[in-house]
Amino acid sequence: MSFATHRLSGSKPEQYAQLAAQAAALVQGEADRIANAANLAALVYHALPDLNWVGFYFYDGRELVVGPFQGQPACVRIALDKGVCGNAASTRQTQRIADVEAFPGHIACDAASRSELVVPLLRGDQLIGVFDLDSPRVDRFDAHDQAGLETIARIFVESLA
Ligand code: SME
């Protein structure tokens with residue numbers, strides 16, 4: 001396979017369909033969690049505009065621990081009752097935060113972050129972690145971004161052994 005990715009084009013849903021196809025191709029035949037998280041973080045970070053952090057936190061049975069990512073070094077551990085990530089993990093619902101400064105308890109790993117999308121990673125009832133994206137732009141993520149990035153998160157979960 002080729003590791004080169006192609007520029008996204010067309011409407012936002014079309015672009016996310018292309019991104020999902022690239023994501024599926026990247027993880028195809030591989031079940032290693034670190035490998036797939038690393039490649040998906042790199043894919044998404046370079047494919048989409050206006051992002052300053054894209055990556056994974058994994059649940060260790062107690063709290064979230066940072067995994068593969070692109071962006072500035074980040075907080076290593078996040079309790080489930082802390083931050084946007086903890087909120088996504090404990091509610092098991094995607095958190096789409098237009099203005100992180102208005103979110104009580106937001107953890108500012110990178111002071112440049114202004115909006116955030118966090119998708120919980122669930123296999124059945126089991127919490128695996130979260131997929132976290134930060135943007136330096138307020139209100140960066142709309143419903144198309146949420147749907148598209150939830151698909152990428154699902155491709156990751158389904159790739160695991
Ligand atoms: N802002 C997140 C912390 C993780 S960093 O964005 C990478 C939060 O509030 O949970």
# chains A, B, ... in the order shown; residues from 1 in each chain; ligands from 1
>>> residues_near_ligand(ligand="ligand 1", cutoff="6 Å", atoms="only C-alpha atoms and all ligand atoms", output="number ranges by chain")
A: 74, 83-86, 106-109, 134
>>> residues_around(residues="range 23-40 of chain A", least_positions_apart="5", cutoff="8 Å", atoms="only C-alpha atoms", output="PyMOL selection string")
chain A and resi 3+55-56+67-69+152+155-156+159-161
>>> write_last_selection(atoms="all heavy atoms", output="short mmCIF file (atom, residue, chain, number, x, y, z; two decimals), in the first residue's frame")
data_model
loop_
_atom_site.label_atom_id
_atom_site.label_comp_id
_atom_site.auth_asym_id
_atom_site.auth_seq_id
_atom_site.Cartn_x
_atom_site.Cartn_y
_atom_site.Cartn_z
N PHE A 3 1.55 5.00 1.53
CA PHE A 3 1.26 5.77 2.72
C PHE A 3 0.95 7.22 2.39
O PHE A 3 0.62 8.01 3.26
CB PHE A 3 2.40 5.68 3.73
CG PHE A 3 2.50 4.31 4.32
CD1 PHE A 3 3.43 3.41 3.86
CD2 PHE A 3 1.63 3.92 5.32
CE1 PHE A 3 3.50 2.14 4.40
CE2 PHE A 3 1.69 2.65 5.87
CZ PHE A 3 2.63 1.76 5.40
N GLY A 55 -5.20 13.61 19.03
CA GLY A 55 -4.60 12.42 19.61
C GLY A 55 -5.54 11.61 20.47
O GLY A 55 -6.75 11.84 20.50
N PHE A 56 -4.94 10.65 21.14
CA PHE A 56 -5.68 9.64 21.88
C PHE A 56 -5.29 9.67 23.36
O PHE A 56 -4.12 9.88 23.69
CB PHE A 56 -5.37 8.24 21.31
CG PHE A 56 -5.92 8.04 19.93
CD1 PHE A 56 -5.28 8.59 18.82
CD2 PHE A 56 -7.09 7.32 19.73
CE1 PHE A 56 -5.79 8.42 17.53
CE2 PHE A 56 -7.60 7.15 18.45
CZ PHE A 56 -6.96 7.71 17.36
N GLY A 67 -1.90 8.99 24.89
CA GLY A 67 -1.37 8.03 23.93
C GLY A 67 -0.78 8.78 22.74
O GLY A 67 -0.41 9.95 22.86
N PRO A 68 -0.73 8.15 21.59
CA PRO A 68 -0.15 8.79 20.41
C PRO A 68 -0.91 10.07 20.02
O PRO A 68 -2.14 10.10 20.08
CB PRO A 68 -0.30 7.73 19.32
CG PRO A 68 -0.30 6.44 20.06
CD PRO A 68 -1.05 6.73 21.33
N PHE A 69 -0.17 11.10 19.65
CA PHE A 69 -0.80 12.37 19.25
C PHE A 69 0.13 13.17 18.37
O PHE A 69 1.31 12.86 18.22
CB PHE A 69 -1.18 13.19 20.49
CG PHE A 69 0.00 13.68 21.29
CD1 PHE A 69 0.59 14.91 21.01
CD2 PHE A 69 0.52 12.91 22.32
CE1 PHE A 69 1.68 15.37 21.74
CE2 PHE A 69 1.62 13.36 23.06
CZ PHE A 69 2.20 14.59 22.77
N ILE A 152 -14.14 8.18 12.18
CA ILE A 152 -12.71 7.84 12.32
C ILE A 152 -12.48 7.09 13.64
O ILE A 152 -11.74 6.10 13.69
CB ILE A 152 -11.83 9.12 12.28
CG1 ILE A 152 -12.06 9.91 10.99
CG2 ILE A 152 -10.35 8.77 12.47
CD1 ILE A 152 -11.61 9.26 9.72
N ILE A 155 -13.58 3.57 13.23
CA ILE A 155 -12.61 2.80 12.43
C ILE A 155 -11.46 2.35 13.34
O ILE A 155 -10.98 1.22 13.25
CB ILE A 155 -12.12 3.64 11.24
CG1 ILE A 155 -13.25 3.77 10.21
CG2 ILE A 155 -10.86 3.05 10.60
CD1 ILE A 155 -13.01 4.80 9.13
N PHE A 156 -11.02 3.25 14.24
CA PHE A 156 -9.95 2.89 15.17
C PHE A 156 -10.39 1.73 16.07
O PHE A 156 -9.69 0.72 16.19
CB PHE A 156 -9.55 4.10 16.02
CG PHE A 156 -8.60 3.74 17.12
CD1 PHE A 156 -7.28 3.40 16.84
CD2 PHE A 156 -9.02 3.71 18.43
CE1 PHE A 156 -6.41 3.02 17.86
CE2 PHE A 156 -8.16 3.33 19.46
CZ PHE A 156 -6.84 2.99 19.17
N SER A 159 -10.58 -1.56 14.47
CA SER A 159 -9.29 -2.13 14.02
C SER A 159 -8.61 -2.96 15.10
O SER A 159 -7.72 -3.75 14.81
CB SER A 159 -8.35 -1.00 13.59
OG SER A 159 -7.81 -0.31 14.72
N LEU A 160 -9.03 -2.75 16.36
CA LEU A 160 -8.32 -3.39 17.47
C LEU A 160 -8.65 -4.88 17.55
O LEU A 160 -9.75 -5.29 17.22
CB LEU A 160 -8.69 -2.71 18.79
CG LEU A 160 -8.46 -1.19 18.82
CD1 LEU A 160 -8.87 -0.63 20.16
CD2 LEU A 160 -7.02 -0.85 18.50
N ALA A 161 -7.71 -5.63 17.99
CA ALA A 161 -7.91 -7.09 18.06
C ALA A 161 -8.98 -7.44 19.10
O ALA A 161 -9.11 -6.74 20.08
CB ALA A 161 -6.60 -7.76 18.44
#
>>> atom_distance(atom1="CA of Leu121 in chain A", atom2="CA of Glu14 in chain A")
23.5 Å
>>> closest_atom_pairs(of="range 31-103 of chain A", to="range 110-119 of chain A", cutoff="10 Å", atoms="only C-alpha atoms", output="JSON lines")
{"residue": "A:Leu51", "atom": "CA", "partner": "A:Ser113", "partner_atom": "CA", "distance": 8.6}
{"residue": "A:Asn52", "atom": "CA", "partner": "A:Ser113", "partner_atom": "CA", "distance": 7.0}
{"residue": "A:Trp53", "atom": "CA", "partner": "A:Ser113", "partner_atom": "CA", "distance": 8.3}
{"residue": "A:Val54", "atom": "CA", "partner": "A:Leu117", "partner_atom": "CA", "distance": 9.6}
{"residue": "A:Gly55", "atom": "CA", "partner": "A:Val118", "partner_atom": "CA", "distance": 9.7}
{"residue": "A:Phe56", "atom": "CA", "partner": "A:Val118", "partner_atom": "CA", "distance": 9.5}
{"residue": "A:Gly71", "atom": "CA", "partner": "A:Asp110", "partner_atom": "CA", "distance": 8.8}
{"residue": "A:Gln72", "atom": "CA", "partner": "A:Asp110", "partner_atom": "CA", "distance": 6.8}
{"residue": "A:Pro73", "atom": "CA", "partner": "A:Asp110", "partner_atom": "CA", "distance": 8.1}
{"residue": "A:Ala74", "atom": "CA", "partner": "A:Asp110", "partner_atom": "CA", "distance": 7.3}
{"residue": "A:Cys75", "atom": "CA", "partner": "A:Asp110", "partner_atom": "CA", "distance": 9.3}
{"residue": "A:Val84", "atom": "CA", "partner": "A:Val118", "partner_atom": "CA", "distance": 7.0}
{"residue": "A:Cys85", "atom": "CA", "partner": "A:Val118", "partner_atom": "CA", "distance": 6.1}
{"residue": "A:Gly86", "atom": "CA", "partner": "A:Val118", "partner_atom": "CA", "distance": 9.3}
{"residue": "A:Asn87", "atom": "CA", "partner": "A:Val118", "partner_atom": "CA", "distance": 8.9}
{"residue": "A:Ala88", "atom": "CA", "partner": "A:Val118", "partner_atom": "CA", "distance": 6.2}
{"residue": "A:Ala89", "atom": "CA", "partner": "A:Val119", "partner_atom": "CA", "distance": 8.2}
{"residue": "A:Arg92", "atom": "CA", "partner": "A:Val119", "partner_atom": "CA", "distance": 8.2}
{"residue": "A:Gln93", "atom": "CA", "partner": "A:Val119", "partner_atom": "CA", "distance": 7.0}
{"residue": "A:Thr94", "atom": "CA", "partner": "A:Val119", "partner_atom": "CA", "distance": 4.5}
{"residue": "A:Gln95", "atom": "CA", "partner": "A:Val118", "partner_atom": "CA", "distance": 5.2}
{"residue": "A:Arg96", "atom": "CA", "partner": "A:Leu117", "partner_atom": "CA", "distance": 4.6}
{"residue": "A:Ile97", "atom": "CA", "partner": "A:Glu116", "partner_atom": "CA", "distance": 5.2}
{"residue": "A:Ala98", "atom": "CA", "partner": "A:Ser115", "partner_atom": "CA", "distance": 5.0}
{"residue": "A:Asp99", "atom": "CA", "partner": "A:Ser115", "partner_atom": "CA", "distance": 5.0}
{"residue": "A:Val100", "atom": "CA", "partner": "A:Ser115", "partner_atom": "CA", "distance": 5.3}
{"residue": "A:Glu101", "atom": "CA", "partner": "A:Arg114", "partner_atom": "CA", "distance": 7.1}
{"residue": "A:Ala102", "atom": "CA", "partner": "A:Arg114", "partner_atom": "CA", "distance": 9.7}
{"residue": "A:Phe103", "atom": "CA", "partner": "A:Ser115", "partner_atom": "CA", "distance": 9.8}
>>> write_last_selection(atoms="N, CA and C atoms", output="short mmCIF file (atom, residue, chain, number, x, y, z; two decimals), in the first residue's frame")
data_model
loop_
_atom_site.label_atom_id
_atom_site.label_comp_id
_atom_site.auth_asym_id
_atom_site.auth_seq_id
_atom_site.Cartn_x
_atom_site.Cartn_y
_atom_site.Cartn_z
N LEU A 51 -6.12 22.85 13.21
CA LEU A 51 -6.03 21.99 14.39
C LEU A 51 -4.66 22.20 15.03
N ASN A 52 -4.61 22.22 16.36
CA ASN A 52 -3.30 22.31 17.03
C ASN A 52 -2.99 21.07 17.87
N TRP A 53 -3.97 20.16 17.98
CA TRP A 53 -3.70 18.91 18.72
C TRP A 53 -4.69 17.86 18.27
N VAL A 54 -4.20 16.69 17.93
CA VAL A 54 -5.05 15.54 17.59
C VAL A 54 -4.43 14.32 18.23
N GLY A 55 -5.20 13.61 19.03
CA GLY A 55 -4.60 12.42 19.61
C GLY A 55 -5.54 11.61 20.47
N PHE A 56 -4.94 10.65 21.14
CA PHE A 56 -5.68 9.64 21.88
C PHE A 56 -5.29 9.67 23.36
N GLY A 71 0.99 17.39 17.95
CA GLY A 71 0.78 18.70 18.59
C GLY A 71 1.77 18.88 19.72
N GLN A 72 1.49 19.87 20.56
CA GLN A 72 2.39 20.16 21.68
C GLN A 72 2.28 19.06 22.74
N PRO A 73 3.34 18.86 23.52
CA PRO A 73 3.26 17.92 24.64
C PRO A 73 2.03 18.22 25.49
N ALA A 74 1.40 17.15 26.01
CA ALA A 74 0.09 17.30 26.66
C ALA A 74 0.09 16.73 28.07
N CYS A 75 -0.95 17.07 28.83
CA CYS A 75 -1.16 16.50 30.17
C CYS A 75 -1.14 14.98 30.05
N VAL A 84 -12.64 18.29 29.44
CA VAL A 84 -13.54 17.88 28.36
C VAL A 84 -13.35 16.38 28.09
N CYS A 85 -12.10 15.93 28.18
CA CYS A 85 -11.82 14.51 27.93
C CYS A 85 -12.48 13.62 28.99
N GLY A 86 -12.33 13.99 30.26
CA GLY A 86 -12.95 13.22 31.33
C GLY A 86 -14.46 13.20 31.18
N ASN A 87 -15.00 14.32 30.75
CA ASN A 87 -16.45 14.42 30.56
C ASN A 87 -16.92 13.49 29.45
N ALA A 88 -16.19 13.47 28.33
CA ALA A 88 -16.56 12.56 27.23
C ALA A 88 -16.48 11.11 27.68
N ALA A 89 -15.43 10.80 28.46
CA ALA A 89 -15.25 9.42 28.92
C ALA A 89 -16.35 9.02 29.90
N ARG A 92 -19.78 9.16 28.20
CA ARG A 92 -19.77 8.32 26.98
C ARG A 92 -20.48 9.01 25.82
N GLN A 93 -20.44 10.33 25.83
CA GLN A 93 -21.03 11.13 24.77
C GLN A 93 -19.96 12.05 24.19
N THR A 94 -20.00 12.25 22.87
CA THR A 94 -19.09 13.20 22.26
C THR A 94 -19.30 14.59 22.86
N GLN A 95 -18.19 15.26 23.14
CA GLN A 95 -18.26 16.64 23.64
C GLN A 95 -17.77 17.56 22.54
N ARG A 96 -18.66 18.44 22.10
CA ARG A 96 -18.27 19.41 21.05
C ARG A 96 -18.36 20.79 21.70
N ILE A 97 -17.19 21.37 21.98
CA ILE A 97 -17.12 22.59 22.79
C ILE A 97 -16.69 23.75 21.91
N ALA A 98 -17.61 24.68 21.67
CA ALA A 98 -17.34 25.80 20.76
C ALA A 98 -16.31 26.75 21.34
N ASP A 99 -16.35 26.92 22.67
CA ASP A 99 -15.43 27.87 23.32
C ASP A 99 -14.94 27.23 24.62
N VAL A 100 -13.72 26.73 24.59
CA VAL A 100 -13.23 25.99 25.76
C VAL A 100 -13.13 26.90 26.99
N GLU A 101 -12.99 28.20 26.76
CA GLU A 101 -12.87 29.09 27.91
C GLU A 101 -14.19 29.20 28.67
N ALA A 102 -15.28 28.81 28.02
CA ALA A 102 -16.59 28.83 28.67
C ALA A 102 -16.95 27.47 29.25
N PHE A 103 -16.04 26.49 29.13
CA PHE A 103 -16.32 25.13 29.65
C PHE A 103 -15.69 25.01 31.03
#
>>> select_by_dssp(residues="range 4-159 of chain A", states="alpha helix (DSSP H)", output="JSON, numbers by chain")
{"A": [12, 13, 14, 15, 16, 17, 18, 19, 20, 21, 22, 23, 24, 25, 26, 27, 33, 34, 35, 36, 37, 38, 39, 40, 41, 42, 43, 44, 45, 46, 47, 83, 84, 85, 86, 87, 88, 89, 90, 91, 143, 144, 145, 146, 147, 148, 149, 150, 151, 152, 153, 154, 155, 156, 157, 158, 159]}
>>> select_by_dssp(residues="range 74-108 of chain A", states="strand (DSSP E or B)", output="PDB file with C-alpha atoms, in the first residue's frame")
ATOM      1  CA  ARG A  77      -3.201  11.801  33.071  1.00  0.00           C
ATOM      2  CA  ILE A  78      -6.772  13.076  33.207  1.00  0.00           C
ATOM      3  CA  GLN A  95     -18.262  16.639  23.644  1.00  0.00           C
ATOM      4  CA  ARG A  96     -18.272  19.414  21.048  1.00  0.00           C
ATOM      5  CA  ILE A  97     -17.121  22.587  22.790  1.00  0.00           C
TER       6      ILE A  97
END
>>> residues_around(residues="Gln22 in chain A", least_positions_apart="6", cutoff="12 Å", atoms="only C-alpha atoms", output="list in words")
Met1, Ser2, Phe3, Ala4, Thr5, His6, Arg7, Leu8, Gln15, Tyr16, Gln28, Asn39, Leu40, Ala42, Leu43, Val44, Ala47, Thr151, Ile152 and Ile155 of chain A
>>> write_last_selection(atoms="C-alpha atoms", output="short mmCIF file (atom, residue, chain, number, x, y, z; two decimals), in the first residue's frame")
data_model
loop_
_atom_site.label_atom_id
_atom_site.label_comp_id
_atom_site.auth_asym_id
_atom_site.auth_seq_id
_atom_site.Cartn_x
_atom_site.Cartn_y
_atom_site.Cartn_z
CA MET A 1 0.00 0.00 0.00
CA SER A 2 0.97 3.61 -0.36
CA PHE A 3 1.26 5.77 2.72
CA ALA A 4 0.80 8.94 0.72
CA THR A 5 -2.56 10.54 1.43
CA HIS A 6 -4.50 12.55 -1.07
CA ARG A 7 -5.83 16.03 -0.60
CA LEU A 8 -9.46 16.12 0.45
CA GLN A 15 -14.13 15.14 2.42
CA TYR A 16 -14.92 13.08 5.51
CA GLN A 28 -6.19 -2.43 7.42
CA ASN A 39 -1.10 6.74 12.19
CA LEU A 40 -4.66 8.02 12.61
CA ALA A 42 -0.97 11.88 12.01
CA LEU A 43 -3.49 11.38 9.19
CA VAL A 44 -6.15 13.61 10.73
CA ALA A 47 -5.54 16.35 6.54
CA THR A 151 -16.51 7.64 12.04
CA ILE A 152 -12.71 7.84 12.32
CA ILE A 155 -12.61 2.80 12.43
#
>>> closest_residue(among="A:Asp145, A:Asp139, A:Asp60, A:Asp125", to="Ala17 in chain A", atoms="only C-alpha atoms")
A:Asp145
>>> atom_distance(atom1="CA of Ala147 in chain A", atom2="CA of Pro120 in chain A")
12.8 Å
